[in-house]
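The structure appears below as structure tokens.
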Amino acid sequence: MSVQQLRINQERLWQSLMELAQIGATEKGGVKRLALTDLDKQGRDLVVSWGRAAGLSITIDQIGNVFMRRAGRNPALPPVMSGSHIDTQPTGGKFDGNYGVLAALEVIRTLNEHQIETEAPLEVAFWTNEEGSRFVPVMMGSGVFCGAFSLEHAYAATDTAGLSVKDELQRIGYLGDQVPGQHPVGAYFEAHIEQGPVLEDAGKVIGVVPGVLGLSWYDCTVTGMEAHAGPTPMGLRKDALQVATGIMQEVVNIGNRYPPYGRGTVGMVQVFPNSRNVIPGEVKFSMDLRNVTAELLDTMHQEILAFIEQRSRETGLKIHAERVSYYPPCPFHPDCVEAVRTATAALGYSTMDVVSGAGHDAIYTARLAPSGMIFVPCKDGISHNEIEDAQPAHLAAGCNVLLHAMLASAGVVQD
Ligand SMILES: [Zn+2]
């Protein structure tokens, strides 16, 4: 059999996903396996035992990231790595993160089965506390690994019971000794369910991911004057909500103005005093703008600020908008994006480009090494939910793309 004809084992991948999902299984068919709990330890132990059975050597770093290595012909080359996370949300699903780790493991199992050797070593990684539901910040393991924040900062994080990351790592036996980041990476690929509805809606199997949307978050306050809804004529009001709704509509207009990746969302509104016969005197609301390049996101930023200034001038109301968060867009490396695109085309799967609107460990690895992602559809675009679901054939397709992208990146030994 030629390497081009090589395919992963769909049934084996599915069985592994179902077996891992039993650790922390919930009644509604989901998974609750929070980072650094006893259940996380059980999940980690299971994946590590599978890695050992596949002949992989295991390294754990000081933030509990686990690397499982398959030797290459040339040990001097940095490994081609793939993985994700196995911690879940409190009402999480079977596939978010777990799929990326077990797809990478299935790639290794397939290569073992067919005795295919690569030039560069291959590694399966799983990163600590990607979800951030028990400990903040999110994407903790990959964040420390890539220097986004310090090991001490991560260690000091505590859960609501006051237990710290460091103590919990120690307790479950995953406080390793390797210094985070002192682990070379040649390239990083992450397979993941899309967590959005785009692929399913378009009827496509593989999402090639050019990058991750950047975001700008703002808190906005419009200050008017409370007055009685009856005696106050329309022309003599300082209605904060009336002005605020115009701004909220403009947030959505700006999202619409920059397709296909522009996003404009107002998700939180507080009206004071929130009484039916009082003209609102103050409105606080959130604004969330996203796009795929820093230039587009900056244009959207300028436009909303200009609009707010203009409305303040026209109405005489005080409007305060403050940016409270900014994450720049993360374009993935052209070589990795191309490797995914080429593998998808060779395998003949239907495909489209899908940007990621959610955070992933690959955002951080992209700071250290060429990185890329592969998306597969999930039912109704739902994730972070116990009803999260995906089709075995789609998961297998994504895993086949991962296999061939990794082989192209690592180089197959032919002799
Ligand atoms: Zn995830």
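So you can find residues: chains in the structure tokens are A, B, ... in the order shown, residues in each start at 1, and ligands are numbered from 1 in order.
Every residue having at least one atom no farther than 8 Å from ligand 1 is included below, with only C-alpha atoms and all ligand atoms taken into account: Ser84, His85, Asp96, Gly97, Asn98, Glu130, Glu131, His192, Ile193, Gly359, His360 and Asp361 of chain A.
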With N, CA and C atoms retained, export the selected residues as an mmCIF file, in the first residue's frame.
data_model
loop_
_atom_site.group_PDB
_atom_site.id
_atom_site.type_symbol
_atom_site.label_atom_id
_atom_site.label_comp_id
_atom_site.auth_asym_id
_atom_site.auth_seq_id
_atom_site.Cartn_x
_atom_site.Cartn_y
_atom_site.Cartn_z
ATOM 1 N N SER A 84 -4.443 18.583 21.830
ATOM 2 C CA SER A 84 -5.471 19.519 22.276
ATOM 3 C C SER A 84 -5.583 19.336 23.791
ATOM 4 N N HIS A 85 -6.780 19.232 24.328
ATOM 5 C CA HIS A 85 -6.939 19.121 25.784
ATOM 6 C C HIS A 85 -7.970 18.061 26.118
ATOM 7 N N ASP A 96 -15.060 18.033 22.346
ATOM 8 C CA ASP A 96 -14.254 19.250 22.473
ATOM 9 C C ASP A 96 -12.923 18.907 23.139
ATOM 10 N N GLY A 97 -11.824 19.100 22.435
ATOM 11 C CA GLY A 97 -10.499 18.821 22.990
ATOM 12 C C GLY A 97 -10.123 17.351 22.888
ATOM 13 N N ASN A 98 -10.985 16.497 23.434
ATOM 14 C CA ASN A 98 -10.699 15.054 23.431
ATOM 15 C C ASN A 98 -10.449 14.530 22.020
ATOM 16 N N GLU A 130 -7.317 23.790 29.511
ATOM 17 C CA GLU A 130 -7.665 24.643 28.373
ATOM 18 C C GLU A 130 -8.963 25.386 28.650
ATOM 19 N N GLU A 131 -9.898 24.702 29.327
ATOM 20 C CA GLU A 131 -11.259 25.243 29.436
ATOM 21 C C GLU A 131 -11.364 26.440 30.371
ATOM 22 N N HIS A 192 -10.152 19.693 15.646
ATOM 23 C CA HIS A 192 -11.143 20.116 16.630
ATOM 24 C C HIS A 192 -12.520 20.129 15.983
ATOM 25 N N ILE A 193 -13.559 19.872 16.788
ATOM 26 C CA ILE A 193 -14.909 20.137 16.270
ATOM 27 C C ILE A 193 -15.040 21.648 16.082
ATOM 28 N N GLY A 359 -11.317 30.365 21.255
ATOM 29 C CA GLY A 359 -9.900 30.202 21.565
ATOM 30 C C GLY A 359 -9.496 28.736 21.538
ATOM 31 N N HIS A 360 -8.247 28.488 21.193
ATOM 32 C CA HIS A 360 -7.719 27.114 21.191
ATOM 33 C C HIS A 360 -6.252 27.161 21.587
ATOM 34 N N ASP A 361 -5.733 26.010 22.034
ATOM 35 C CA ASP A 361 -4.312 25.941 22.388
ATOM 36 C C ASP A 361 -3.422 26.343 21.209
#
Task: Nearby residues (only C-alpha atoms) at most 10 Å from Gly203 in chain A, same-chain spacing under 4 positions excluded, as a PyMOL selection string - done: chain A and resi 198-199+350-352+377
Writer output for current selection, all heavy atoms, as a PDB file, in the first residue's frame:
ATOM      1  N   VAL A 198     -21.131  26.637  10.815  1.00  0.00           N
ATOM      2  CA  VAL A 198     -20.854  27.001   9.421  1.00  0.00           C
ATOM      3  C   VAL A 198     -20.698  25.772   8.518  1.00  0.00           C
ATOM      4  O   VAL A 198     -21.307  25.691   7.450  1.00  0.00           O
ATOM      5  CB  VAL A 198     -19.597  27.900   9.351  1.00  0.00           C
ATOM      6  CG1 VAL A 198     -19.222  28.180   7.901  1.00  0.00           C
ATOM      7  CG2 VAL A 198     -19.842  29.204  10.095  1.00  0.00           C
ATOM      8  N   LEU A 199     -19.893  24.784   8.954  1.00  0.00           N
ATOM      9  CA  LEU A 199     -19.660  23.602   8.110  1.00  0.00           C
ATOM     10  C   LEU A 199     -20.953  22.819   7.883  1.00  0.00           C
ATOM     11  O   LEU A 199     -21.277  22.426   6.765  1.00  0.00           O
ATOM     12  CB  LEU A 199     -18.624  22.675   8.759  1.00  0.00           C
ATOM     13  CG  LEU A 199     -17.168  23.126   8.703  1.00  0.00           C
ATOM     14  CD1 LEU A 199     -16.304  22.210   9.575  1.00  0.00           C
ATOM     15  CD2 LEU A 199     -16.641  23.133   7.277  1.00  0.00           C
ATOM     16  N   SER A 350     -15.124  17.259   0.838  1.00  0.00           N
ATOM     17  CA  SER A 350     -15.674  18.600   0.604  1.00  0.00           C
ATOM     18  C   SER A 350     -15.122  19.531   1.677  1.00  0.00           C
ATOM     19  O   SER A 350     -14.927  19.131   2.826  1.00  0.00           O
ATOM     20  CB  SER A 350     -17.200  18.563   0.657  1.00  0.00           C
ATOM     21  OG  SER A 350     -17.642  18.149   1.929  1.00  0.00           O
ATOM     22  N   THR A 351     -14.869  20.761   1.300  1.00  0.00           N
ATOM     23  CA  THR A 351     -14.138  21.636   2.224  1.00  0.00           C
ATOM     24  C   THR A 351     -14.469  23.106   2.003  1.00  0.00           C
ATOM     25  O   THR A 351     -14.937  23.497   0.941  1.00  0.00           O
ATOM     26  CB  THR A 351     -12.616  21.409   2.069  1.00  0.00           C
ATOM     27  OG1 THR A 351     -11.913  22.262   2.969  1.00  0.00           O
ATOM     28  CG2 THR A 351     -12.155  21.705   0.655  1.00  0.00           C
ATOM     29  N   MET A 352     -14.219  23.879   3.010  1.00  0.00           N
ATOM     30  CA  MET A 352     -14.291  25.338   2.904  1.00  0.00           C
ATOM     31  C   MET A 352     -13.396  25.924   3.992  1.00  0.00           C
ATOM     32  O   MET A 352     -12.998  25.221   4.917  1.00  0.00           O
ATOM     33  CB  MET A 352     -15.730  25.828   3.084  1.00  0.00           C
ATOM     34  CG  MET A 352     -16.287  25.598   4.480  1.00  0.00           C
ATOM     35  SD  MET A 352     -18.058  26.002   4.640  1.00  0.00           S
ATOM     36  CE  MET A 352     -18.012  27.776   4.438  1.00  0.00           C
ATOM     37  N   PRO A 377     -17.417  19.152  11.342  1.00  0.00           N
ATOM     38  CA  PRO A 377     -18.719  19.664  11.807  1.00  0.00           C
ATOM     39  C   PRO A 377     -19.114  19.050  13.141  1.00  0.00           C
ATOM     40  O   PRO A 377     -18.745  17.912  13.448  1.00  0.00           O
ATOM     41  CB  PRO A 377     -19.703  19.187  10.721  1.00  0.00           C
ATOM     42  CG  PRO A 377     -18.871  18.718   9.584  1.00  0.00           C
ATOM     43  CD  PRO A 377     -17.538  18.341  10.123  1.00  0.00           C
TER      44      PRO A 377
END
Open item on the list: Could you list, as an MDAnalysis selection string, every residue within 6 Å of Tyr364 in chain A, counting only C-alpha atoms and ignoring same-chain residues fewer than 2 positions away?
Closed with: chainID A and resid 142:143 146 361:362 366:367
With N, CA and C atoms retained, export the selected residues as a short mmCIF file (atom, residue, chain, number, x, y, z; two decimals), in the first residue's frame.
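Output below, filename selection.cif:
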data_model
loop_
_atom_site.label_atom_id
_atom_site.label_comp_id
_atom_site.auth_asym_id
_atom_site.auth_seq_id
_atom_site.Cartn_x
_atom_site.Cartn_y
_atom_site.Cartn_z
N SER A 142 -0.94 25.68 27.60
CA SER A 142 -0.30 26.17 26.37
C SER A 142 0.15 27.61 26.55
N GLY A 143 -0.58 28.38 27.37
CA GLY A 143 -0.20 29.77 27.63
C GLY A 143 1.14 29.87 28.35
N CYS A 146 4.03 28.77 26.04
CA CYS A 146 4.41 29.75 25.02
C CYS A 146 4.75 31.11 25.60
N ASP A 361 -5.73 26.01 22.03
CA ASP A 361 -4.31 25.94 22.39
C ASP A 361 -3.42 26.34 21.21
N ALA A 362 -3.90 26.09 20.00
CA ALA A 362 -3.10 26.42 18.80
C ALA A 362 -2.81 27.91 18.68
N ALA A 366 1.05 28.90 18.18
CA ALA A 366 1.40 29.69 16.99
C ALA A 366 2.46 30.74 17.30
N ARG A 367 2.62 31.08 18.59
CA ARG A 367 3.65 32.05 18.95
C ARG A 367 5.05 31.44 18.91
#
Per DSSP on the backbone, what are the alpha helix (DSSP H) residues of range 154-401 of chain A, as a CSV table (one decimal) with N, CA and C atoms, in the first residue's frame?
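This went into result24.csv:
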chain,number,residue,atom,x,y,z
A,154,ALA,N,0.3,31.0,36.9
A,154,ALA,CA,-0.6,29.8,36.8
A,154,ALA,C,-0.6,29.0,38.0
A,155,TYR,N,0.5,28.8,38.7
A,155,TYR,CA,0.5,28.0,39.9
A,155,TYR,C,-0.4,28.6,41.0
A,156,ALA,N,-0.4,29.9,41.0
A,156,ALA,CA,-1.1,30.6,42.1
A,156,ALA,C,-2.6,30.7,41.9
A,165,VAL,N,-3.5,25.5,41.7
A,165,VAL,CA,-3.1,24.7,40.5
A,165,VAL,C,-1.9,23.9,40.9
A,166,LYS,N,-0.9,24.5,41.6
A,166,LYS,CA,0.3,23.7,41.9
A,166,LYS,C,0.0,22.5,42.8
A,167,ASP,N,-0.7,22.8,43.8
A,167,ASP,CA,-1.0,21.7,44.8
A,167,ASP,C,-1.8,20.6,44.1
A,168,GLU,N,-2.8,21.0,43.2
A,168,GLU,CA,-3.6,20.0,42.5
A,168,GLU,C,-2.8,19.2,41.5
A,169,LEU,N,-1.8,19.9,40.8
A,169,LEU,CA,-0.9,19.1,39.9
A,169,LEU,C,-0.2,18.1,40.7
A,170,GLN,N,0.4,18.5,41.8
A,170,GLN,CA,1.2,17.6,42.7
A,170,GLN,C,0.3,16.4,43.1
A,171,ARG,N,-0.9,16.8,43.6
A,171,ARG,CA,-1.8,15.7,44.2
A,171,ARG,C,-2.1,14.6,43.2
A,172,ILE,N,-2.4,15.1,41.9
A,172,ILE,CA,-2.8,14.0,40.9
A,172,ILE,C,-1.6,13.4,40.2
A,198,VAL,N,-21.1,26.6,10.8
A,198,VAL,CA,-20.9,27.0,9.4
A,198,VAL,C,-20.7,25.8,8.5
A,199,LEU,N,-19.9,24.8,9.0
A,199,LEU,CA,-19.7,23.6,8.1
A,199,LEU,C,-21.0,22.8,7.9
A,200,GLU,N,-21.7,22.6,9.0
A,200,GLU,CA,-22.9,21.8,8.9
A,200,GLU,C,-23.9,22.6,7.9
A,201,ASP,N,-24.0,23.9,8.1
A,201,ASP,CA,-24.9,24.7,7.3
A,201,ASP,C,-24.6,24.6,5.8
A,202,ALA,N,-23.3,24.5,5.5
A,202,ALA,CA,-22.8,24.5,4.1
A,202,ALA,C,-22.7,23.0,3.6
A,240,ALA,N,-31.5,58.0,27.8
A,240,ALA,CA,-30.2,57.2,27.6
A,240,ALA,C,-30.5,56.0,26.8
A,241,LEU,N,-31.6,55.3,27.0
A,241,LEU,CA,-31.8,54.0,26.3
A,241,LEU,C,-32.0,54.3,24.8
A,242,GLN,N,-32.7,55.4,24.5
A,242,GLN,CA,-32.9,55.7,23.1
A,242,GLN,C,-31.6,55.9,22.3
A,243,VAL,N,-30.7,56.6,23.0
A,243,VAL,CA,-29.4,56.8,22.4
A,243,VAL,C,-28.6,55.5,22.4
A,244,ALA,N,-28.7,54.7,23.4
A,244,ALA,CA,-27.9,53.5,23.5
A,244,ALA,C,-28.4,52.5,22.5
A,245,THR,N,-29.7,52.4,22.2
A,245,THR,CA,-30.1,51.4,21.2
A,245,THR,C,-29.6,51.7,19.8
A,246,GLY,N,-29.4,53.0,19.5
A,246,GLY,CA,-28.8,53.4,18.3
A,246,GLY,C,-27.4,52.9,18.2
A,247,ILE,N,-26.7,53.0,19.3
A,247,ILE,CA,-25.3,52.6,19.2
A,247,ILE,C,-25.2,51.0,19.1
A,248,MET,N,-26.1,50.4,19.8
A,248,MET,CA,-26.2,48.9,19.8
A,248,MET,C,-26.5,48.5,18.3
A,249,GLN,N,-27.4,49.2,17.6
A,249,GLN,CA,-27.7,48.8,16.3
A,249,GLN,C,-26.4,49.0,15.4
A,250,GLU,N,-25.7,50.1,15.7
A,250,GLU,CA,-24.5,50.4,14.9
A,250,GLU,C,-23.4,49.3,15.1
A,251,VAL,N,-23.3,48.7,16.3
A,251,VAL,CA,-22.4,47.6,16.5
A,251,VAL,C,-22.7,46.5,15.6
A,252,VAL,N,-24.0,46.2,15.4
A,252,VAL,CA,-24.4,45.1,14.5
A,252,VAL,C,-24.1,45.5,13.1
A,253,ASN,N,-24.5,46.8,12.8
A,253,ASN,CA,-24.2,47.3,11.4
A,253,ASN,C,-22.7,47.1,11.0
A,254,ILE,N,-21.9,47.4,12.0
A,254,ILE,CA,-20.4,47.4,11.7
A,254,ILE,C,-20.0,45.9,11.5
A,255,GLY,N,-20.6,45.0,12.3
A,255,GLY,CA,-20.3,43.6,12.0
A,255,GLY,C,-20.7,43.2,10.6
A,256,ASN,N,-21.9,43.7,10.2
A,256,ASN,CA,-22.4,43.3,8.9
A,256,ASN,C,-21.6,44.0,7.7
A,257,ARG,N,-21.0,45.1,8.0
A,257,ARG,CA,-20.3,45.9,7.0
A,257,ARG,C,-19.0,45.2,6.6
A,294,ALA,N,-6.0,42.3,11.9
A,294,ALA,CA,-5.8,43.5,12.8
A,294,ALA,C,-6.3,44.8,12.2
A,295,GLU,N,-6.1,44.9,10.8
A,295,GLU,CA,-6.5,46.1,10.1
A,295,GLU,C,-8.0,46.2,10.1
A,296,LEU,N,-8.7,45.1,9.8
A,296,LEU,CA,-10.2,45.2,9.8
A,296,LEU,C,-10.7,45.5,11.2
A,297,LEU,N,-10.1,44.8,12.2
A,297,LEU,CA,-10.6,45.0,13.5
A,297,LEU,C,-10.4,46.4,14.0
A,298,ASP,N,-9.3,47.0,13.6
A,298,ASP,CA,-9.0,48.4,13.9
A,298,ASP,C,-9.9,49.3,13.2
A,299,THR,N,-10.3,49.1,12.0
A,299,THR,CA,-11.3,49.9,11.3
A,299,THR,C,-12.6,49.9,12.0
A,300,MET,N,-13.0,48.7,12.4
A,300,MET,CA,-14.3,48.5,13.1
A,300,MET,C,-14.2,49.3,14.5
A,301,HIS,N,-13.1,49.2,15.1
A,301,HIS,CA,-12.9,50.0,16.4
A,301,HIS,C,-13.0,51.5,16.1
A,302,GLN,N,-12.4,52.0,15.1
A,302,GLN,CA,-12.4,53.4,14.8
A,302,GLN,C,-13.9,53.8,14.5
A,303,GLU,N,-14.6,53.0,13.7
A,303,GLU,CA,-15.9,53.3,13.3
A,303,GLU,C,-16.9,53.4,14.5
A,304,ILE,N,-16.8,52.5,15.4
A,304,ILE,CA,-17.7,52.6,16.6
A,304,ILE,C,-17.4,53.8,17.5
A,305,LEU,N,-16.1,54.1,17.6
A,305,LEU,CA,-15.8,55.2,18.4
A,305,LEU,C,-16.2,56.5,17.8
A,306,ALA,N,-16.1,56.6,16.5
A,306,ALA,CA,-16.5,57.8,15.7
A,306,ALA,C,-18.0,58.0,15.8
A,307,PHE,N,-18.7,56.9,15.7
A,307,PHE,CA,-20.2,56.9,15.8
A,307,PHE,C,-20.6,57.4,17.1
A,308,ILE,N,-20.0,56.9,18.2
A,308,ILE,CA,-20.3,57.3,19.6
A,308,ILE,C,-20.1,58.7,19.8
A,309,GLU,N,-19.0,59.2,19.3
A,309,GLU,CA,-18.6,60.6,19.4
A,309,GLU,C,-19.7,61.5,18.7
A,310,GLN,N,-20.1,61.1,17.5
A,310,GLN,CA,-21.1,61.8,16.8
A,310,GLN,C,-22.4,61.9,17.5
A,311,ARG,N,-22.8,60.7,18.0
A,311,ARG,CA,-24.1,60.7,18.7
A,311,ARG,C,-24.1,61.5,20.0
A,312,SER,N,-22.9,61.5,20.7
A,312,SER,CA,-22.8,62.3,21.9
A,312,SER,C,-22.9,63.8,21.5
A,313,ARG,N,-22.3,64.2,20.4
A,313,ARG,CA,-22.4,65.6,19.9
A,313,ARG,C,-23.9,66.0,19.6
A,314,GLU,N,-24.5,65.1,18.8
A,314,GLU,CA,-25.9,65.4,18.4
A,314,GLU,C,-26.9,65.4,19.5
A,315,THR,N,-26.7,64.6,20.5
A,315,THR,CA,-27.7,64.5,21.6
A,315,THR,C,-27.4,65.2,22.8
A,334,PRO,N,1.1,29.9,7.0
A,334,PRO,CA,0.7,29.5,5.6
A,334,PRO,C,1.2,28.1,5.3
A,335,ASP,N,2.3,27.6,5.8
A,335,ASP,CA,2.7,26.2,5.5
A,335,ASP,C,1.8,25.2,6.1
A,336,CYS,N,1.3,25.5,7.3
A,336,CYS,CA,0.4,24.6,8.0
A,336,CYS,C,-1.0,24.6,7.4
A,337,VAL,N,-1.5,25.8,7.0
A,337,VAL,CA,-2.8,25.9,6.4
A,337,VAL,C,-2.7,25.2,5.0
A,338,GLU,N,-1.6,25.4,4.3
A,338,GLU,CA,-1.4,24.7,3.0
A,338,GLU,C,-1.4,23.2,3.2
A,339,ALA,N,-0.7,22.7,4.2
A,339,ALA,CA,-0.6,21.3,4.4
A,339,ALA,C,-2.0,20.7,4.7
A,340,VAL,N,-2.8,21.4,5.4
A,340,VAL,CA,-4.2,20.9,5.7
A,340,VAL,C,-5.0,21.0,4.4
A,341,ARG,N,-4.8,22.0,3.6
A,341,ARG,CA,-5.6,22.2,2.4
A,341,ARG,C,-5.2,21.1,1.4
A,342,THR,N,-3.9,20.9,1.2
A,342,THR,CA,-3.4,19.9,0.3
A,342,THR,C,-3.9,18.5,0.7
A,343,ALA,N,-3.8,18.2,1.9
A,343,ALA,CA,-4.2,16.8,2.4
A,343,ALA,C,-5.7,16.6,2.1
A,344,THR,N,-6.5,17.7,2.4
A,344,THR,CA,-8.0,17.6,2.2
A,344,THR,C,-8.3,17.3,0.8
A,345,ALA,N,-7.6,18.1,-0.1
A,345,ALA,CA,-7.8,17.9,-1.6
A,345,ALA,C,-7.5,16.5,-2.0
A,346,ALA,N,-6.3,16.0,-1.5
A,346,ALA,CA,-5.9,14.7,-2.0
A,346,ALA,C,-6.8,13.6,-1.5
A,347,LEU,N,-7.4,13.8,-0.4
A,347,LEU,CA,-8.4,12.8,0.2
A,347,LEU,C,-9.8,13.0,-0.4
A,361,ASP,N,-5.7,26.0,22.0
A,361,ASP,CA,-4.3,25.9,22.4
A,361,ASP,C,-3.4,26.3,21.2
A,362,ALA,N,-3.9,26.1,20.0
A,362,ALA,CA,-3.1,26.4,18.8
A,362,ALA,C,-2.8,27.9,18.7
A,363,ILE,N,-3.6,28.8,19.3
A,363,ILE,CA,-3.4,30.2,19.3
A,363,ILE,C,-2.0,30.5,20.0
A,364,TYR,N,-1.8,29.8,21.1
A,364,TYR,CA,-0.6,30.0,21.8
A,364,TYR,C,0.6,29.3,21.1
A,365,THR,N,0.4,28.0,20.7
A,365,THR,CA,1.5,27.4,20.0
A,365,THR,C,2.0,28.2,18.8
A,392,PRO,N,-19.2,9.9,13.4
A,392,PRO,CA,-17.9,9.2,13.3
A,392,PRO,C,-17.2,9.4,11.9
A,393,ALA,N,-18.0,9.4,10.8
A,393,ALA,CA,-17.3,9.6,9.5
A,393,ALA,C,-16.6,11.0,9.4
A,394,HIS,N,-17.2,12.0,10.0
A,394,HIS,CA,-16.6,13.3,9.9
A,394,HIS,C,-15.3,13.4,10.8
A,395,LEU,N,-15.4,12.7,12.0
A,395,LEU,CA,-14.3,12.7,12.9
A,395,LEU,C,-13.1,11.9,12.2
A,396,ALA,N,-13.5,10.9,11.5
A,396,ALA,CA,-12.5,10.1,10.8
A,396,ALA,C,-11.9,10.9,9.6
A,397,ALA,N,-12.7,11.6,8.9
A,397,ALA,CA,-12.2,12.5,7.8
A,397,ALA,C,-11.2,13.5,8.3
A,398,GLY,N,-11.5,14.2,9.4
A,398,GLY,CA,-10.6,15.1,10.0
A,398,GLY,C,-9.3,14.5,10.4
A,399,CYS,N,-9.4,13.3,11.0
A,399,CYS,CA,-8.2,12.5,11.4
A,399,CYS,C,-7.3,12.1,10.2
A,400,ASN,N,-8.0,11.7,9.1
A,400,ASN,CA,-7.2,11.4,7.9
A,400,ASN,C,-6.5,12.6,7.4
A,401,VAL,N,-7.1,13.8,7.4
A,401,VAL,CA,-6.4,15.0,7.0
A,401,VAL,C,-5.3,15.3,7.9
- [ ] Excluding range 99-102 of chain A and residues on its chain fewer than 2 positions from it, collect all residues at most 7 Å away from it, counting only C-alpha atoms, and give them as a ChimeraX atom specification.
- [x] /A:13,17,83-85,95-97,104-106,124-126,190-192
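Distances here use only C-alpha atoms; by that measure, the residue among A:Ala35, A:Met268, A:Ile63, A:Arg237 closest to Gly147 in chain A is A:Ile63.
Minimum atom-to-atom distance to Arg69 in chain A, evaluated using only C-alpha atoms, belongs to A:Val185 out of A:Arg7, A:Leu403, A:Tyr327, A:Val185.
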- [ ] Using DSSP on the backbone coordinates, identify all residues within range 162-205 of chain A classified as strand (DSSP E); present the result as a VMD selection string.
- [x] chain A and resid 187 to 193
